[in-house]
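start_34.txt (compact mmCIF, C-alpha atoms)
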# COMPACT_ATOMS: atom_id res chain seq x y z
CA MET Q 28 26.18 18.16 -4.71
CA MET Q 29 26.52 17.50 -0.99
CA GLN Q 30 30.11 16.30 -0.82
CA HIS Q 31 30.72 16.94 2.87
CA LYS Q 32 27.57 15.66 4.51
CA MET Q 33 29.22 12.51 5.81
CA ILE Q 34 26.52 11.64 8.35
CA LEU Q 35 23.72 12.07 5.83
CA ARG Q 36 25.52 9.94 3.26
CA VAL Q 37 26.20 7.09 5.67
CA VAL Q 38 22.77 7.13 7.29
CA SER Q 39 20.92 7.32 3.98
CA LYS Q 40 22.95 4.42 2.61
CA LEU Q 41 21.93 2.40 5.66
CA LEU Q 42 18.27 3.42 5.43
CA ILE Q 43 17.59 3.04 1.71
CA PRO Q 44 17.50 -0.82 1.62
CA PHE Q 45 15.05 -0.87 4.49
CA ILE Q 46 12.85 1.75 2.84
CA LEU Q 47 12.78 -0.32 -0.35
CA LEU Q 48 11.99 -3.46 1.64
CA PHE Q 49 9.20 -1.68 3.50
CA GLY Q 50 7.79 -0.44 0.19
CA LEU Q 51 7.67 -4.00 -1.13
CA TYR Q 52 6.08 -5.20 2.12
CA VAL Q 53 3.37 -2.55 1.83
CA GLN Q 54 2.82 -3.51 -1.81
CA TRP Q 55 2.32 -7.23 -1.16
CA HIS Q 56 0.60 -6.85 2.18
CA GLY Q 57 -2.11 -4.44 1.04
CA ASP Q 58 -4.70 -7.22 1.03
CA PHE Q 59 -4.23 -7.93 4.72
CA GLY Q 60 -3.28 -4.67 6.39
CA PRO Q 61 -3.19 -0.96 5.69
CA GLY Q 62 -1.40 -0.05 2.52
CA GLY Q 63 -1.52 -0.98 -1.10
CA GLY Q 64 -0.12 0.05 -4.41
CA PHE Q 65 -0.38 3.79 -3.93
CA GLN Q 66 1.39 3.93 -0.58
CA ALA Q 67 3.95 1.36 -1.69
CA GLY Q 68 4.73 3.37 -4.80
CA VAL Q 69 5.30 6.54 -2.78
CA ILE Q 70 7.51 4.75 -0.22
CA PHE Q 71 9.51 3.03 -2.95
CA ALA Q 72 9.94 6.35 -4.75
CA SER Q 73 10.94 8.11 -1.53
CA ALA Q 74 13.99 5.83 -1.27
CA PHE Q 75 15.13 7.01 -4.69
CA VAL Q 76 14.28 10.63 -3.91
CA LEU Q 77 16.41 10.37 -0.76
CA TYR Q 78 19.25 8.93 -2.83
CA GLY Q 79 18.88 11.76 -5.33
CA LEU Q 80 18.83 14.41 -2.59
CA ILE Q 81 22.01 13.14 -0.94
CA TYR Q 82 24.08 11.90 -3.88
CA GLY Q 83 22.88 14.24 -6.58
CA LEU Q 84 20.64 13.89 -9.59
CA GLY Q 85 23.37 12.46 -11.80
CA SER Q 86 23.88 9.43 -9.54
CA LEU Q 87 20.12 8.92 -9.32
CA ARG Q 88 19.86 8.93 -13.10
CA THR Q 89 22.70 6.41 -13.32
CA VAL Q 90 20.78 4.08 -11.01
CA LEU Q 91 17.43 4.78 -12.61
CA PRO Q 92 17.70 6.13 -16.16
CA SER Q 93 14.83 8.20 -17.48
CA TRP Q 94 13.70 5.50 -19.90
CA VAL Q 95 13.14 3.16 -16.95
CA THR Q 96 10.86 5.57 -15.11
CA ARG Q 97 9.01 6.43 -18.32
CA LEU Q 98 8.57 2.72 -19.02
CA PHE Q 99 7.24 2.09 -15.50
CA LEU Q 100 4.98 5.12 -15.73
CA SER Q 101 3.23 3.80 -18.82
CA LEU Q 102 3.49 0.12 -17.90
CA GLY Q 103 1.55 0.72 -14.67
CA VAL Q 104 -1.54 2.15 -16.35
CA LEU Q 105 -1.17 -0.44 -19.10
CA ILE Q 106 -1.23 -3.28 -16.56
CA TYR Q 107 -4.24 -1.79 -14.81
CA SER Q 108 -6.33 -1.29 -17.92
CA GLY Q 109 -4.92 -4.52 -19.40
CA VAL Q 110 -6.36 -6.49 -16.50
CA GLY Q 111 -9.72 -4.92 -17.27
CA VAL Q 112 -9.48 -5.78 -20.97
CA VAL Q 113 -8.42 -9.36 -20.17
CA CYS Q 114 -11.50 -9.68 -17.96
CA MET Q 115 -13.62 -8.52 -20.89
CA LEU Q 116 -11.93 -10.96 -23.28
CA MET Q 117 -12.64 -13.78 -20.85
CA GLY Q 118 -16.32 -12.96 -20.94
CA ALA Q 119 -16.88 -10.78 -17.87
CA LYS Q 120 -17.33 -7.05 -17.49
CA PHE Q 121 -14.42 -4.58 -17.47
CA LEU Q 122 -12.37 -5.11 -14.26
CA ASP Q 123 -14.62 -7.98 -13.12
CA TYR Q 124 -11.83 -10.11 -11.76
CA TYR Q 125 -13.64 -13.35 -10.91
CA VAL Q 126 -13.00 -14.89 -14.35
CA LEU Q 127 -9.22 -14.60 -14.01
CA SER Q 128 -8.80 -17.82 -12.06
CA SER Q 129 -10.55 -21.14 -11.65
CA THR Q 130 -12.16 -20.08 -8.37
CA GLU Q 131 -13.98 -16.79 -7.91
CA HIS Q 132 -11.98 -15.77 -4.86
CA GLY Q 133 -8.71 -16.72 -6.52
CA GLY Q 134 -9.62 -14.53 -9.46
CA GLN Q 135 -10.44 -11.61 -7.19
CA HIS Q 136 -7.13 -12.02 -5.37
CA LEU Q 137 -5.17 -12.22 -8.61
CA GLY Q 138 -6.97 -9.27 -10.16
CA ILE Q 139 -6.53 -7.05 -7.11
CA MET Q 140 -2.85 -7.99 -6.84
CA LEU Q 141 -2.16 -7.19 -10.50
CA VAL Q 142 -4.07 -3.94 -10.34
CA GLU Q 143 -2.19 -2.89 -7.21
CA ILE Q 144 1.11 -3.64 -8.95
CA GLY Q 145 0.01 -1.36 -11.77
CA VAL Q 146 -0.89 1.44 -9.34
CA GLY Q 147 2.41 0.99 -7.50
CA MET Q 148 4.49 1.18 -10.67
CA THR Q 149 2.78 4.29 -11.99
CA VAL Q 150 2.89 6.11 -8.64
CA PHE Q 151 6.55 5.18 -8.08
CA ALA Q 152 7.59 6.31 -11.54
CA GLY Q 153 5.40 9.41 -11.35
CA ILE Q 154 6.93 10.66 -8.10
CA VAL Q 155 10.49 10.01 -9.29
CA THR Q 156 9.76 11.66 -12.64
CA ILE Q 157 8.28 14.78 -11.08
CA PHE Q 158 11.13 15.03 -8.55
CA CYS Q 159 13.76 14.68 -11.27
CA ALA Q 160 12.05 17.24 -13.48
CA PHE Q 161 12.01 19.82 -10.66
CA ALA Q 162 15.51 19.03 -9.43
CA GLY Q 163 16.91 18.95 -12.96
CA ARG Q 164 15.42 22.32 -13.80
CA ALA Q 165 16.72 23.79 -10.55
CA ALA Q 166 20.23 22.46 -11.27
CA ALA Q 167 20.05 23.83 -14.81
CA ASP Q 168 19.10 27.25 -13.46
CA MET Q 169 21.94 27.14 -10.96
CA TYR Q 170 24.59 26.47 -13.59
CA GLN Q 171 23.22 28.79 -16.18
CA GLY Q 172 26.59 28.91 -17.95
CA ASP Q 173 26.95 25.37 -19.21
CA GLY Q 174 24.11 24.62 -21.51
CA ASP Q 175 25.46 21.19 -22.33
CA GLN Q 176 23.33 19.55 -19.69
CA GLU Q 177 21.94 16.26 -20.75
CA GLU Q 178 18.48 15.93 -22.12
CA SER Q 179 17.86 13.07 -19.71
CA ASN Q 180 16.62 15.26 -16.90
CA SER Q 181 13.11 14.01 -16.89
CA MET Y 26 -13.41 2.36 29.99
CA ASN Y 27 -14.03 5.89 31.18
CA ILE Y 28 -10.32 6.67 31.26
CA GLU Y 29 -9.88 5.44 27.68
CA ILE Y 30 -12.52 7.86 26.42
CA VAL Y 31 -10.85 10.74 28.24
CA THR Y 32 -7.44 9.82 26.80
CA SER Y 33 -8.70 9.72 23.23
CA ASP Y 34 -10.47 13.04 23.77
CA LEU Y 35 -7.27 14.57 25.10
CA LEU Y 36 -5.34 13.21 22.12
CA ASN Y 37 -7.93 14.67 19.73
CA ILE Y 38 -7.84 18.06 21.41
CA ALA Y 39 -4.05 18.16 21.57
CA THR Y 40 -3.70 17.18 17.89
CA LEU Y 41 -6.26 19.74 16.78
CA ILE Y 42 -4.55 22.48 18.83
CA PHE Y 43 -1.23 21.53 17.23
CA LEU Y 44 -2.85 21.73 13.79
CA ALA Y 45 -4.26 25.18 14.57
CA VAL Y 46 -0.91 26.45 15.91
CA ILE Y 47 0.95 25.16 12.85
CA GLY Y 48 -1.67 26.71 10.57
CA ILE Y 49 -1.29 30.11 12.20
CA ALA Y 50 2.50 29.82 12.04
CA ILE Y 51 2.35 28.97 8.32
CA ALA Y 52 0.23 32.05 7.71
CA ARG Y 53 2.61 34.33 9.60
CA ILE Y 54 6.08 33.10 8.65
CA ARG Y 55 7.64 34.69 5.57
CA ASN Y 56 10.53 32.26 5.09
CA LEU Y 57 9.13 29.73 2.66
CA PHE Y 58 11.55 26.95 3.62
CA ALA Y 59 10.15 27.10 7.14
CA VAL Y 60 6.63 27.14 5.70
CA VAL Y 61 7.30 24.00 3.66
CA MET Y 62 8.74 22.22 6.69
CA LEU Y 63 5.75 23.29 8.78
CA SER Y 64 3.32 22.04 6.16
CA GLY Y 65 5.11 18.69 6.28
CA ILE Y 66 4.64 18.64 10.05
CA TYR Y 67 1.01 19.65 9.51
CA SER Y 68 0.54 16.59 7.30
CA LEU Y 69 2.19 14.40 9.89
CA MET Y 70 -0.15 15.72 12.59
CA GLY Y 71 -3.05 15.12 10.21
CA ALA Y 72 -1.84 11.55 9.77
CA SER Y 73 -1.79 11.05 13.55
CA LEU Y 74 -5.32 12.43 13.70
CA TYR Y 75 -6.41 9.84 11.13
CA VAL Y 76 -4.77 7.11 13.21
CA ILE Y 77 -6.76 8.28 16.24
CA LEU Y 78 -9.88 8.15 14.06
CA ASP Y 79 -8.98 4.52 13.08
CA ALA Y 80 -8.51 5.45 9.42
CA VAL Y 81 -5.12 3.79 9.15
CA ASP Y 82 -5.06 3.58 5.37
CA VAL Y 83 -5.76 7.28 4.99
CA ALA Y 84 -3.15 8.06 7.65
CA PHE Y 85 -0.62 5.98 5.76
CA THR Y 86 -1.27 7.84 2.54
CA GLU Y 87 -1.21 11.22 4.26
CA ALA Y 88 2.12 10.47 5.92
CA ALA Y 89 3.69 9.16 2.72
CA VAL Y 90 2.30 11.70 0.26
CA GLY Y 91 1.57 14.77 2.38
CA ALA Y 92 4.55 14.69 4.70
CA GLY Y 93 7.01 12.93 2.41
CA ALA Y 94 6.58 13.41 -1.30
CA SER Y 95 4.88 16.80 -1.42
CA THR Y 96 7.41 18.34 0.99
CA VAL Y 97 10.24 17.31 -1.33
CA LEU Y 98 8.36 18.63 -4.35
CA MET Y 99 7.68 21.93 -2.59
CA ILE Y 100 11.38 22.29 -1.79
CA GLY Y 101 12.09 21.58 -5.44
CA THR Y 102 9.67 24.35 -6.37
CA LEU Y 103 11.39 26.73 -3.95
CA ALA Y 104 14.70 26.00 -5.65
CA LEU Y 105 13.10 27.17 -8.90
CA THR Y 106 11.40 30.26 -7.50
CA SER Y 107 12.24 32.19 -4.36
CA SER Y 108 12.52 31.10 -0.76
CA ARG Y 109 11.06 34.31 0.58
CA GLU Y 110 7.48 35.47 0.47
CA LYS Y 111 6.95 39.00 -0.80
CA ALA Y 112 5.44 41.43 1.68
CA ALA Y 113 1.79 42.36 1.26
CA THR Y 114 1.38 45.12 -1.28
CA SER Y 115 -1.08 47.35 0.54
CA PRO Y 116 -3.17 47.29 3.71
CA ALA Y 117 -6.32 47.52 1.57
CA ASN Y 118 -5.56 44.07 0.15
CA ALA Y 119 -5.05 42.68 3.63
CA ILE Y 120 -8.47 43.97 4.69
CA LYS Y 121 -10.08 42.44 1.58
CA GLY Y 122 -8.39 39.13 2.40
CA LEU Y 123 -9.59 39.28 5.98
CA ILE Y 124 -13.18 39.90 4.86
CA ILE Y 125 -13.08 37.02 2.34
CA CYS Y 126 -11.56 34.64 4.90
CA THR Y 127 -14.11 35.57 7.55
CA LEU Y 128 -17.01 35.10 5.12
CA LEU Y 129 -15.65 31.77 3.89
CA GLY Y 130 -15.01 30.55 7.43
CA ALA Y 131 -18.52 31.57 8.50
CA ALA Y 132 -20.00 29.78 5.47
CA LEU Y 133 -18.03 26.61 6.27
CA ILE Y 134 -19.09 26.65 9.93
CA TYR Y 135 -22.70 27.28 8.87
CA GLY Y 136 -22.45 24.34 6.50
CA SER Y 137 -21.04 22.08 9.18
CA LEU Y 138 -24.06 22.74 11.42
CA ASP Y 139 -26.18 20.44 9.24
CA MET Y 140 -23.67 17.60 9.38
CA PRO Y 141 -24.37 14.59 11.60
CA LEU Y 142 -22.40 14.43 14.83
CA TYR Y 143 -19.06 12.63 14.88
CA GLY Y 144 -19.63 8.90 15.30
CA ASP Y 145 -23.41 9.18 14.95
CA PRO Y 146 -24.59 5.68 13.93
CA SER Y 147 -27.65 7.08 12.17
CA ALA Y 148 -25.57 9.27 9.85
CA PRO Y 149 -26.39 8.74 6.16
CA ILE Y 150 -22.89 7.51 5.35
CA HIS Y 151 -23.41 4.45 7.53
CA HIS Y 152 -26.62 3.48 5.75
CA HIS Y 153 -26.08 4.01 2.06
CA ILE Y 154 -23.75 1.38 0.59
CA VAL Y 155 -21.22 0.85 3.37
CA PRO Y 156 -23.12 -1.93 5.21
CA ARG Y 157 -23.22 -3.97 2.02
CA TYR Y 158 -19.46 -3.63 1.54
CA LEU Y 159 -18.75 -4.51 5.16
CA ASN Y 160 -21.11 -7.47 5.25
CA ASP Y 161 -20.50 -9.04 1.84
CA SER Y 162 -16.88 -8.16 1.10
CA MET Y 163 -15.50 -11.25 2.81
CA ALA Y 164 -17.90 -13.57 0.99
CA GLU Y 165 -17.55 -11.91 -2.40
CA ILE Y 166 -13.89 -10.91 -2.58
CA ALA Y 167 -12.32 -12.63 0.45
CA VAL Y 168 -9.67 -9.94 0.98
CA PRO Y 169 -9.29 -9.29 4.71
CA ASN Y 170 -8.68 -5.56 4.32
CA VAL Y 171 -12.04 -4.11 3.27
CA VAL Y 172 -10.38 -0.85 2.20
CA THR Y 173 -8.39 -2.75 -0.42
CA SER Y 174 -11.40 -4.71 -1.61
CA VAL Y 175 -13.40 -1.49 -2.01
CA LEU Y 176 -10.57 0.41 -3.69
CA ALA Y 177 -9.39 -2.24 -6.11
CA GLY Y 178 -12.49 -4.43 -6.34
CA TYR Y 179 -15.81 -2.63 -5.96
CA ARG Y 180 -14.38 0.72 -6.99
CA GLY Y 181 -11.73 -0.55 -9.39
CA PHE Y 182 -12.88 1.83 -12.08
CA ASP Y 183 -12.36 4.88 -9.83
CA THR Y 184 -8.91 3.72 -8.83
CA MET Y 185 -8.02 3.28 -12.47
CA GLY Y 186 -9.03 6.89 -13.03
CA GLU Y 187 -6.78 7.96 -10.14
CA THR Y 188 -3.87 6.04 -11.61
CA PHE Y 189 -4.42 7.83 -14.89
CA VAL Y 190 -4.43 11.14 -13.00
CA ILE Y 191 -0.93 10.37 -11.62
CA PHE Y 192 0.16 9.33 -15.10
CA THR Y 193 -1.19 12.54 -16.62
CA ALA Y 194 0.42 14.66 -13.91
CA ALA Y 195 3.84 13.14 -14.55
CA ILE Y 196 3.43 13.54 -18.32
CA GLY Y 197 2.40 17.16 -17.80
CA VAL Y 198 5.44 17.90 -15.65
CA ILE Y 199 7.77 16.25 -18.19
CA THR Y 200 6.23 18.33 -20.96
CA LEU Y 201 6.38 21.60 -19.06
CA ILE Y 202 9.71 21.56 -17.23
CA GLY Y 203 11.30 18.22 -18.02
CA ARG Y 204 13.28 19.47 -20.98
CA LYS Y 205 16.41 21.51 -20.63
CA ARG Y 206 16.18 25.25 -20.93
CA ARG Y 207 17.92 26.79 -23.91
CA ARG Y 208 20.94 28.94 -23.33
CA ARG Y 209 20.05 32.58 -22.92
CA LYS Y 210 23.05 33.88 -24.86
CA THR Y 211 22.48 32.05 -28.10
CA SER Y 212 18.72 32.07 -28.40
CA LYS Y 213 16.85 35.24 -29.19
CA ASP Y 214 13.60 33.31 -29.49
CA ASP Y 215 13.75 31.75 -26.04
CA GLY Y 216 10.36 30.34 -25.16
CA GLY Y 217 9.40 29.91 -28.75
CA HIS Y 218 10.50 26.29 -28.78
CA ASP Y 219 10.92 25.60 -25.10
CA SER Y 220 8.48 25.75 -22.18
Whole structure given in structure tokens:
Amino acid sequence: MMQHKMILRVVSKLLIPFILLFGLYVQWHGDFGPGGGFQAGVIFASAFVLYGLIYGLGSLRTVLPSWVTRLFLSLGVLIYSGVGVVCMLMGAKFLDYYVLSSTEHGGQHLGIMLVEIGVGMTVFAGIVTIFCAFAGRAAADMYQGDGDQEESNS
Amino acid sequence: MNIEIVTSDLLNIATLIFLAVIGIAIARIRNLFAVVMLSGIYSLMGASLYVILDAVDVAFTEAAVGAGASTVLMIGTLALTSSREKAATSPANAIKGLIICTLLGAALIYGSLDMPLYGDPSAPIHHHIVPRYLNDSMAEIAVPNVVTSVLAGYRGFDTMGETFVIFTAAIGVITLIGRKRRRRKTSKDDGGHDS
């Protein structure tokens, strides 16, 4: 797509690992500082969006096939609601985390961490999915002639 | 102490002026690529305003979602539609728009007259449920960041709803434009199966 943008390619390749690392930091550090699953998911997704913008949608889909994002999309909400159901099975109310561990505070920590992971996964996969759907449709419109584009756009 | 207050006031005023200038520019510029870029800058200025107001979590989200993700999605939309805004159809419409905007703006300003002053400690929001969260969060949940304990703990049900909103949005986009468009040449019934 952007074959000649040498500076963009080099700089993005340098930046992407740090963006991913920062996303993970925000995910795990949400209990102690600003951030949490939502922000982490967006930051993590933005690394992949950057990759897709510079190297093209095909490369992005090689790194992150559509079944992976769809899996993450559903797994996130499943983890979130699953934590709630587990709380109910262990005798508390829906999303009442204190039963999850031997101590009340430990249970709260564990529950909040799991729930934030769920939020992060869904937000990450959601942003990547929406970006790929838009970019894939735009690419399909651009090359109207070849209709043999893969189904795996979304 | 006095100087600090003046500095934060100056920062507030400067940020708000920037926001106003960007807003006017967005309304006047016809090139939609420039408008998308400006709206990203608008979000970034909004994020700095939230930092000045000590709402770091909100600022973080605004910078990541408003300035980052939505700018990319808007550019994606421009690639699908057109990058140029059509000129106004008739001056009559412009006058109607002006009247509606003036009325709406007047209503909003009238509504804001009843609001408590910025930073007023007797404002209702500081007396309803917030003191309980702030006082008991550490003893009940023991997560240092109260925002996280409210979002994922006390208000876990709301956050679950928000996660489902993201999920639904992505599913909706996949359903609407995620599939490939059929070739124009071969299909007479285009749109019957797709879109």
Q: At a cut-off of 6 Å, list the chain Q residues touching chain Y, using all atoms listed in the file, as a PyMOL selection string.
A: chain Q and resi 58-62+66+132+135+139+146+153+157+160-162+165+174+181
Q.
Env of Q:Thr96: 9 Å cut, atoms = all atoms listed in the file, seq-sep filter 2 positions within chain, self excluded. Answer as a ChimeraX atom specification.
A. /Q:91-94,98-101,148-149,151-153,155-156,181
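With atom CA of Y:Asn37 on one side and atom CA of Y:Leu133 on the other, the separation reads 20.6 Å.
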Q: Please provide as a PyMOL selection string all residues within 8 Å of Q:Leu87, with the sequence filter that same-chain residues fewer than 6 positions apart are discarded (counting all atoms listed in the file).
A: chain Q and resi 75+78-79
Can you write out the residues you just picked, keeping C-alpha atoms, as an mmCIF file, keeping the file's coordinate frame?
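And here is the file that came out, again_34.cif:
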data_model
loop_
_atom_site.group_PDB
_atom_site.id
_atom_site.type_symbol
_atom_site.label_atom_id
_atom_site.label_comp_id
_atom_site.auth_asym_id
_atom_site.auth_seq_id
_atom_site.Cartn_x
_atom_site.Cartn_y
_atom_site.Cartn_z
ATOM 1 C CA PHE Q 75 15.130 7.010 -4.690
ATOM 2 C CA TYR Q 78 19.250 8.930 -2.830
ATOM 3 C CA GLY Q 79 18.880 11.760 -5.330
#
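Distance-wise, atom CA of Y:Val61 and atom CA of Y:Gly48 end up 11.6 Å apart.
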(Q) To one decimal place in Å, what is the distance between atom CA of Y:Val76 and atom CA of Q:Val53? (A) 17.0 Å
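In this comparison, which uses only C-alpha atoms, the residue of Q:Ile144, Q:Leu42, Q:Val90, Q:Val76 approaching Q:Gly57 most closely is Q:Ile144.
For Q:Gly109, the non-local neighbours within 10 Å, defined as residues at least 4 positions apart in the same chain or in other chains and counting all atoms listed in the file, are Leu102, Gly103, Val104, Leu105, Val113, Cys114, Met115, Phe121, Leu122, Leu141, Val142 and Gly145 of chain Q.
Between Y:Ser68 and the candidates Y:Ala92, Y:Ile150, Y:Leu41, Y:Met140, the tightest atom-to-atom separation, counting all atoms listed in the file, involves Y:Ala92.
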